[in-house]
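See below for my_file_23.txt, which holds compact mmCIF, C-alpha atoms and all ligand atoms.
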# COMPACT_ATOMS: atom_id res chain seq x y z
CA MET A 30 19.14 24.53 2.26
CA ASN A 31 16.83 23.98 -0.67
CA ALA A 32 18.69 21.64 -3.00
CA LEU A 33 16.84 19.05 -5.05
CA GLU A 34 17.45 15.34 -4.70
CA VAL A 35 15.74 12.67 -6.78
CA GLY A 36 15.93 9.01 -5.82
CA PRO A 37 14.11 5.70 -6.13
CA ILE A 38 11.43 4.62 -3.70
CA ARG A 39 12.25 1.41 -1.82
CA THR A 40 8.81 0.87 -0.30
CA ASN A 41 5.49 2.68 0.04
CA GLU A 42 3.22 0.61 2.26
CA ARG A 43 -0.02 1.11 4.15
CA VAL A 44 0.48 0.94 7.92
CA SER A 45 -3.02 1.84 9.18
CA ALA A 46 -6.41 2.79 7.78
CA ASP A 47 -5.24 6.15 6.43
CA MET A 48 -1.48 6.18 6.88
CA TYR A 49 1.43 5.06 4.73
CA ARG A 50 5.16 4.59 5.26
CA LEU A 51 7.45 5.56 2.39
CA VAL A 52 11.19 4.82 2.31
CA ALA A 53 13.36 6.30 -0.46
CA GLU A 54 17.03 6.26 -1.40
CA LEU A 55 18.08 9.87 -0.83
CA PRO A 56 21.69 9.72 0.42
CA ARG A 57 22.29 13.48 0.64
CA LEU A 58 19.09 14.09 2.59
CA ALA A 59 19.80 11.10 4.84
CA GLN A 60 23.10 12.78 5.79
CA THR A 61 21.91 16.36 6.13
CA THR A 62 18.35 16.29 7.53
CA ARG A 63 17.94 16.89 11.26
CA PRO A 64 14.94 16.11 13.52
CA GLY A 65 12.16 18.69 13.16
CA GLN A 66 13.09 19.83 9.65
CA PHE A 67 10.78 19.21 6.72
CA LEU A 68 11.22 17.96 3.18
CA HIS A 69 9.21 19.45 0.34
CA VAL A 70 7.99 16.60 -1.81
CA ARG A 71 6.50 16.40 -5.28
CA THR A 72 3.73 13.85 -4.72
CA ALA A 73 3.20 12.80 -8.33
CA ARG A 74 5.04 12.83 -11.64
CA GLY A 75 4.52 15.90 -13.84
CA TRP A 76 3.11 19.23 -12.67
CA ASP A 77 -0.26 18.26 -11.26
CA PRO A 78 -0.60 19.00 -8.41
CA LEU A 79 1.70 21.96 -8.85
CA LEU A 80 2.51 22.52 -5.20
CA ARG A 81 4.81 20.28 -3.23
CA ARG A 82 3.75 18.93 0.17
CA PRO A 83 5.82 19.26 3.35
CA PHE A 84 6.69 16.14 5.34
CA SER A 85 8.78 15.71 8.47
CA PRO A 86 10.94 12.60 8.08
CA SER A 87 10.34 9.95 10.72
CA ARG A 88 13.78 8.29 10.49
CA VAL A 89 16.95 8.29 8.44
CA ASP A 90 19.48 5.55 7.80
CA ARG A 91 22.69 7.47 7.12
CA GLU A 92 24.75 4.38 6.41
CA ASN A 93 22.44 3.17 3.65
CA GLY A 94 21.26 6.59 2.47
CA LEU A 95 17.58 6.02 3.26
CA VAL A 96 14.90 8.50 4.34
CA GLU A 97 11.56 7.41 5.81
CA MET A 98 8.36 9.46 5.79
CA VAL A 99 5.10 8.38 7.39
CA TYR A 100 2.14 10.30 5.98
CA ARG A 101 -1.61 10.51 6.42
CA VAL A 102 -3.87 10.63 3.39
CA VAL A 103 -5.72 13.93 3.82
CA GLY A 104 -6.07 15.35 0.30
CA ARG A 105 -5.35 14.87 -3.37
CA GLY A 106 -1.58 15.25 -3.05
CA THR A 107 -1.20 12.54 -0.45
CA GLU A 108 -3.77 10.34 -2.20
CA LEU A 109 -1.65 10.46 -5.38
CA MET A 110 1.41 9.66 -3.32
CA THR A 111 -0.13 6.35 -2.25
CA HIS A 112 0.09 5.22 -5.91
CA MET A 113 3.88 5.54 -6.01
CA ARG A 114 5.58 2.16 -6.23
CA ALA A 115 9.00 0.72 -5.41
CA GLY A 116 11.41 1.85 -8.15
CA ASP A 117 9.48 5.05 -8.97
CA GLU A 118 11.53 8.19 -8.49
CA ILE A 119 10.60 10.73 -5.85
CA ASP A 120 11.59 14.39 -6.17
CA VAL A 121 12.43 16.13 -2.89
CA LEU A 122 13.64 19.63 -1.92
CA GLY A 123 15.37 20.21 1.37
CA PRO A 124 16.11 19.89 4.14
CA ARG A 125 14.32 23.04 5.25
CA GLY A 126 13.55 24.80 8.47
CA THR A 127 14.60 24.77 12.08
CA THR A 128 15.48 21.72 14.16
CA PHE A 129 14.64 20.31 17.57
CA THR A 130 17.32 20.81 20.22
CA LEU A 131 18.54 17.41 21.39
CA ASP A 132 20.08 18.16 24.74
CA GLY A 133 19.87 16.87 28.32
CA LYS A 134 16.96 14.74 29.53
CA MET A 135 14.05 15.19 27.16
CA LEU A 136 10.33 14.56 27.39
CA MET A 137 9.06 14.03 23.85
CA VAL A 138 5.32 14.16 23.14
CA GLY A 139 3.73 13.21 19.83
CA GLY A 140 0.16 12.89 18.61
CA GLY A 141 -1.20 11.54 15.32
CA VAL A 142 1.07 12.05 12.33
CA GLY A 143 3.04 14.48 14.53
CA ILE A 144 4.71 11.41 16.00
CA ALA A 145 6.94 11.35 12.87
CA PRO A 146 9.44 14.07 13.92
CA ILE A 147 9.29 12.83 17.52
CA LEU A 148 10.37 9.38 16.32
CA PHE A 149 13.23 10.96 14.35
CA ALA A 150 14.29 12.96 17.44
CA ALA A 151 14.17 9.83 19.60
CA GLN A 152 16.25 7.95 17.04
CA GLN A 153 18.93 10.65 17.06
CA ALA A 154 18.96 11.32 20.84
CA ALA A 155 21.73 9.94 23.02
CA ALA A 156 20.89 6.67 24.78
CA GLU A 157 18.58 6.92 27.81
CA THR A 158 17.94 10.65 27.35
CA ALA A 159 14.45 10.47 25.80
CA THR A 160 11.17 9.64 27.52
CA VAL A 161 8.47 9.52 24.87
CA ILE A 162 4.68 9.81 25.08
CA ILE A 163 2.68 8.99 21.96
CA GLY A 164 -1.07 9.35 21.71
CA GLY A 165 -3.70 8.29 19.22
CA ARG A 166 -7.39 7.61 18.94
CA SER A 167 -7.01 3.82 19.22
CA ARG A 168 -4.51 0.95 19.36
CA GLU A 169 -4.41 0.81 15.55
CA GLU A 170 -3.05 4.39 15.39
CA LEU A 171 -0.14 3.50 17.67
CA PHE A 172 1.58 1.18 15.17
CA TRP A 173 4.45 3.60 15.77
CA GLN A 174 5.39 1.91 19.03
CA ASP A 175 7.26 -0.81 17.11
CA TYR A 176 9.44 1.80 15.37
CA PHE A 177 11.00 3.38 18.47
CA PRO A 178 14.60 2.34 19.20
CA ASP A 179 15.64 0.44 22.33
CA THR A 180 17.95 3.32 23.22
CA ILE A 181 15.13 5.52 24.57
CA HIS A 182 14.51 5.58 28.33
CA ASP A 183 10.76 4.89 28.22
CA LEU A 184 7.79 4.83 25.84
CA LEU A 185 4.34 5.69 27.23
CA LEU A 186 1.15 5.17 25.23
CA THR A 187 -2.23 6.90 25.43
CA THR A 188 -5.42 6.26 23.48
CA ASP A 189 -8.67 8.19 23.36
CA ASP A 190 -10.66 4.93 23.55
CA GLY A 191 -8.49 3.25 26.20
CA SER A 192 -7.65 0.30 23.92
CA VAL A 193 -3.97 0.49 24.93
CA GLY A 194 -2.00 2.50 27.49
CA HIS A 195 -3.47 5.41 29.42
CA HIS A 196 -7.15 6.07 28.65
CA GLY A 197 -7.08 9.74 27.65
CA TYR A 198 -4.72 12.17 25.97
CA ALA A 199 -0.94 12.39 25.74
CA VAL A 200 -0.93 15.73 27.56
CA ASP A 201 -2.58 14.13 30.61
CA LEU A 202 0.77 12.53 31.56
CA VAL A 203 2.89 15.64 31.12
CA PRO A 204 2.36 17.67 34.36
CA ALA A 205 3.24 14.76 36.69
CA LEU A 206 6.33 13.83 34.69
CA LEU A 207 7.56 17.43 34.65
CA ALA A 208 6.88 17.75 38.41
CA SER A 209 9.55 15.07 38.97
CA GLY A 210 12.17 17.68 38.02
CA GLU A 211 13.96 15.13 35.83
CA PHE A 212 13.53 16.88 32.50
CA ASP A 213 15.60 19.64 30.92
CA ARG A 214 13.46 20.11 27.82
CA VAL A 215 10.12 19.22 26.22
CA LEU A 216 9.71 18.52 22.50
CA CYS A 217 6.22 18.22 21.01
CA CYS A 218 4.49 17.73 17.67
CA GLY A 219 0.88 16.92 16.93
CA PRO A 220 -2.54 18.54 16.80
CA THR A 221 -2.57 22.22 17.72
CA ILE A 222 -4.56 21.62 20.89
CA LEU A 223 -1.96 19.08 22.07
CA MET A 224 0.97 21.41 21.41
CA SER A 225 -0.80 24.31 23.06
CA LYS A 226 -1.53 22.31 26.23
CA VAL A 227 1.91 20.73 26.40
CA ALA A 228 3.54 24.15 25.95
CA ALA A 229 1.37 25.56 28.74
CA ALA A 230 2.31 22.66 31.06
CA ALA A 231 6.01 23.14 30.28
CA TYR A 232 5.72 26.87 30.88
CA ALA A 233 4.05 26.25 34.25
CA ALA A 234 6.86 23.85 35.20
CA GLY A 235 9.58 26.25 34.01
CA VAL A 236 10.93 23.76 31.46
CA PRO A 237 11.98 24.93 27.96
CA CYS A 238 9.63 23.64 25.27
CA GLU A 239 9.86 23.36 21.50
CA VAL A 240 6.89 22.58 19.26
CA SER A 241 6.94 21.67 15.57
CA PHE A 242 4.10 23.02 13.45
CA GLU A 243 2.45 21.21 10.58
CA ARG A 244 1.13 23.76 8.12
CA ARG A 245 -0.16 23.87 4.59
CA MET A 246 2.65 25.36 2.49
CA GLY A 247 3.05 26.87 -0.95
CA CYS A 248 6.58 27.80 -1.90
CA GLY A 249 8.27 26.46 1.25
CA THR A 250 10.90 29.18 0.89
CA GLY A 251 9.36 32.28 2.48
CA GLY A 252 7.92 33.88 -0.66
CA CYS A 253 4.18 33.23 -0.67
CA TYR A 254 2.92 33.73 2.91
CA ALA A 255 0.78 30.56 2.72
CA CYS A 256 2.20 29.28 6.00
CA VAL A 257 1.96 32.38 8.21
CA CYS A 258 0.71 31.90 11.76
CA ASP A 259 0.09 34.40 14.54
CA ARG A 260 1.93 34.52 17.81
CA LYS A 261 0.27 35.39 21.08
CA ASP A 262 2.20 38.68 21.20
CA GLY A 263 0.58 39.83 17.95
CA THR A 264 3.57 39.19 15.70
CA HIS A 265 3.55 36.73 12.82
CA ALA A 266 5.82 33.91 11.76
CA LYS A 267 6.39 32.06 8.50
CA VAL A 268 6.45 28.42 9.51
CA CYS A 269 8.59 27.45 6.50
CA GLN A 270 11.33 29.95 7.38
CA GLU A 271 11.18 30.65 11.12
CA GLY A 272 9.87 27.16 11.94
CA PRO A 273 8.63 24.54 11.78
CA VAL A 274 10.22 24.18 15.24
CA PHE A 275 9.50 27.08 17.59
CA ASP A 276 10.75 27.70 21.10
CA THR A 277 7.54 28.49 22.98
CA ILE A 278 8.99 30.41 25.95
CA PRO A 279 10.23 33.65 24.29
CA VAL A 280 7.19 34.09 22.08
CA GLY A 281 4.47 32.80 24.39
CA VAL A 282 2.19 29.96 23.48
CA ILE A 283 1.05 30.47 19.92
CA VAL A 284 -2.59 31.43 19.62
CA GLU A 285 -4.53 28.28 18.98
CA ALA A 286 -7.43 29.77 17.03
CA SER A 287 -5.17 31.36 14.46
CA LEU A 288 -3.48 28.19 13.33
CA GLY A 289 -6.02 26.67 10.98
CA PRO A 290 -6.28 22.99 10.10
CA ASP A 291 -3.71 20.49 11.27
CA SER A 292 -1.81 18.10 9.08
CA ALA A 293 -2.89 19.91 5.94
CA GLN A 294 -1.13 17.74 3.41
FE1 LIG B 301 5.47 30.17 1.16
FE2 LIG B 301 5.97 29.70 3.79
S1 LIG B 301 5.20 28.32 2.30
S2 LIG B 301 6.04 31.61 2.72
Rewrite the coordinates I just gave you, this time as structure tokens.
Amino acid sequence: MNALEVGPIRTNERVSADMYRLVAELPRLAQTTRPGQFLHVRTARGWDPLLRRPFSPSRVDRENGLVEMVYRVVGRGTELMTHMRAGDEIDVLGPRGTTFTLDGKMLMVGGGVGIAPILFAAQQAAAETATVIIGGRSREELFWQDYFPDTIHDLLLTTDDGSVGHHGYAVDLVPALLASGEFDRVLCCGPTILMSKVAAAAYAAGVPCEVSFERRMGCGTGGCYACVCDRKDGTHAKVCQEGPVFDTIPVGVIVEASLGPDSAQ
């Protein structure tokens, strides 16, 4: 679906050194967007920059028609977005792309800004079905922990500097958890290296795994090839059309080196 919705921003606040949380009144998108899908957002008024930026929503409030996006400032588009104020209108196309499968007992793994779709999946999962691992460089990057609902089974934290939770990476916890045999499915979003290692651990444990790719996009509708990535089997995929959520088992783990920069917003 690629319909346009325009609505007022409720809040656009800084939540860490380089990340912001934007909430907008978008009732149609709040009803129709599913975890893993992306929204294609015009980040400033007018036509400069011309290209929209893709964002995975981090939560929706269907009752009140609200959509939340947490974004990292990584370029001109997202820098301009930080200047949007409450009451300004935001122009959004979507929802687009494939969705996470919410089914059975799930191990959800998120790193960096990739925690956004994991939070949305955890919000929408049935009670007690989601165990979540989130990782960041430091305690400050794990502001997300306050956003997760009480309905999840468990929330595990990791930091590169050891300031909170496990000292190390989110993937470190995955093999032992999967060895318990408790999980039916793994969902992951974050840096390419994280998704690659989590997918490999899931494959070794024989557990289905879905990863959600963050890619620089142009058209967002399959026409420009800006988002193409290579699969391990030599075939190619348009992330905006065939993704952003991919099942890693049938296609093999996607070749890490071919993916380019992460979080290219
Ligand atoms: Fe244009 Fe995917 S963004 S083909």
For chain A versus ligand LIG 301 (chain B), which residues have an atom no more than 6 Å away, and what is each residue's nearest atom pair and distance in Å rounded to one decimal, using all atoms listed in the file, chain-then-number order, as a Markdown table?
| residue | atom | partner | partner_atom | distance |
| --- | --- | --- | --- | --- |
| A:Met246 | CA | B:LIG301 | S1 | 3.9 |
| A:Gly247 | CA | B:LIG301 | S1 | 4.2 |
| A:Cys248 | CA | B:LIG301 | FE1 | 4.0 |
| A:Gly249 | CA | B:LIG301 | S1 | 3.7 |
| A:Thr250 | CA | B:LIG301 | FE1 | 5.5 |
| A:Gly251 | CA | B:LIG301 | S2 | 3.4 |
| A:Gly252 | CA | B:LIG301 | S2 | 4.5 |
| A:Cys253 | CA | B:LIG301 | FE1 | 3.8 |
| A:Tyr254 | CA | B:LIG301 | S2 | 3.8 |
| A:Ala255 | CA | B:LIG301 | FE1 | 5.0 |
| A:Cys256 | CA | B:LIG301 | FE2 | 4.4 |
| A:Lys267 | CA | B:LIG301 | FE2 | 5.3 |
| A:Val268 | CA | B:LIG301 | FE2 | 5.9 |
| A:Cys269 | CA | B:LIG301 | FE2 | 4.4 |
- prompt: When you draw a straight line from CA of Lys226 (chain A) to CA of Leu206 (chain A), how long is it in Å?
  reply: 14.3 Å
task: Go through A:Thr187, A:Gln152, A:Thr130, A:Gln270 one by one, measure the shortest atom-to-atom distance of each to Ser87 (chain A) using only C-alpha atoms, and give the residue with the smallest value.
output: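 Looking only at the distances to Ser87 (chain A), the closest residue turns out to be A:Gln152.
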I'd like a table as JSON lines: residues in region 91-142 of chain A with an atom no more than 8 Å from region 30-47 of chain A, each row giving the shortest atom pair and its distance in Å to one decimal, only C-alpha atoms counted, sorted by chain and rising residue number.
{"residue": "A:Arg101", "atom": "CA", "partner": "A:Asp47", "partner_atom": "CA", "distance": 5.7}
{"residue": "A:Val102", "atom": "CA", "partner": "A:Asp47", "partner_atom": "CA", "distance": 5.6}
{"residue": "A:Thr111", "atom": "CA", "partner": "A:Asn41", "partner_atom": "CA", "distance": 7.1}
{"residue": "A:Met113", "atom": "CA", "partner": "A:Asn41", "partner_atom": "CA", "distance": 6.9}
{"residue": "A:Arg114", "atom": "CA", "partner": "A:Asn41", "partner_atom": "CA", "distance": 6.3}
{"residue": "A:Ala115", "atom": "CA", "partner": "A:Arg39", "partner_atom": "CA", "distance": 4.9}
{"residue": "A:Gly116", "atom": "CA", "partner": "A:Pro37", "partner_atom": "CA", "distance": 5.1}
{"residue": "A:Asp117", "atom": "CA", "partner": "A:Pro37", "partner_atom": "CA", "distance": 5.5}
{"residue": "A:Glu118", "atom": "CA", "partner": "A:Pro37", "partner_atom": "CA", "distance": 4.3}
{"residue": "A:Ile119", "atom": "CA", "partner": "A:Val35", "partner_atom": "CA", "distance": 5.6}
{"residue": "A:Asp120", "atom": "CA", "partner": "A:Val35", "partner_atom": "CA", "distance": 4.5}
{"residue": "A:Val121", "atom": "CA", "partner": "A:Glu34", "partner_atom": "CA", "distance": 5.4}
{"residue": "A:Leu122", "atom": "CA", "partner": "A:Leu33", "partner_atom": "CA", "distance": 4.5}
{"residue": "A:Gly123", "atom": "CA", "partner": "A:Asn31", "partner_atom": "CA", "distance": 4.5}
{"residue": "A:Pro124", "atom": "CA", "partner": "A:Met30", "partner_atom": "CA", "distance": 5.9}
{"residue": "A:Arg125", "atom": "CA", "partner": "A:Met30", "partner_atom": "CA", "distance": 5.9}
message: If we count only C-alpha atoms and set the cut-off at 12 Å, which residues sit around Ala154 (chain A), ignoring sequence neighbours fewer than 4 positions away in its own chain? Please answer as a VMD selection string.
response: chain A and resid 63 to 64 88 129 to 137 147 to 150 158 to 161 177 to 182 216
- prompt: Pick from A:Ala145, A:Ala156, A:Cys218, A:Val138: nearest to Val200 (chain A), with only C-alpha atoms counted?
  reply: A:Val138
So that all listed atoms of region 238-253 of chain A fit with 6 Å spare on each side, what axis-aligned box centre and edge lengths in Å, to one decimal, would you give as JSON?
{"center_x": 5.4, "center_y": 27.5, "center_z": 11.7, "size_x": 23.1, "size_y": 24.7, "size_z": 39.2}
- prompt: With distances taken over all atoms listed in the file, which of A:Thr107, A:Ser167, A:Thr61, A:Gln66 is nearest to Arg81 (chain A)?
  reply: A:Thr107
field: Selected residue of minimal separation from Met224 (chain A) among A:Val193, A:Ile144, A:Leu185, A:Met48, counting only C-alpha atoms
entry: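 Smallest separation from Met224 (chain A) among the options: A:Ile144.
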Selected residue of minimal separation from Gly65 (chain A) among A:Leu186, A:Ala231, A:Ile222, A:Cys217, counting all atoms listed in the file: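 Ranked by minimum distance to Gly65 (chain A), first place goes to A:Cys217.
Coordinates place CA of Val203 (chain A) at a distance of 24.6 Å from CA of Pro86 (chain A).
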field: Answer as a ChimeraX atom specification, residues within 8 Å of (9.0, 20.7, 28.2) using all atoms listed in the file
entry: /A:135-137,207,212-216,227-228,230-232,234,236-239
- request: Enter the distance from CA of Tyr49 (chain A) to CA of Phe172 (chain A), in Å, rounded to one decimal.
  value: 11.1 Å
Nearest to Gln174 (chain A) by atom-to-atom distance, counting all atoms listed in the file, from A:Gly106, A:Gly272, A:Gly194, A:Pro220: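 Smallest distance to Gln174 (chain A) is found for A:Gly194.
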query: Can you tell me, as a ChimeraX atom specification, which residues sit within 8 Å of (18.5, 10.7, -2.3) in the file's frame, using all atoms listed in the file?
result: /A:34-37,53-59,94-96
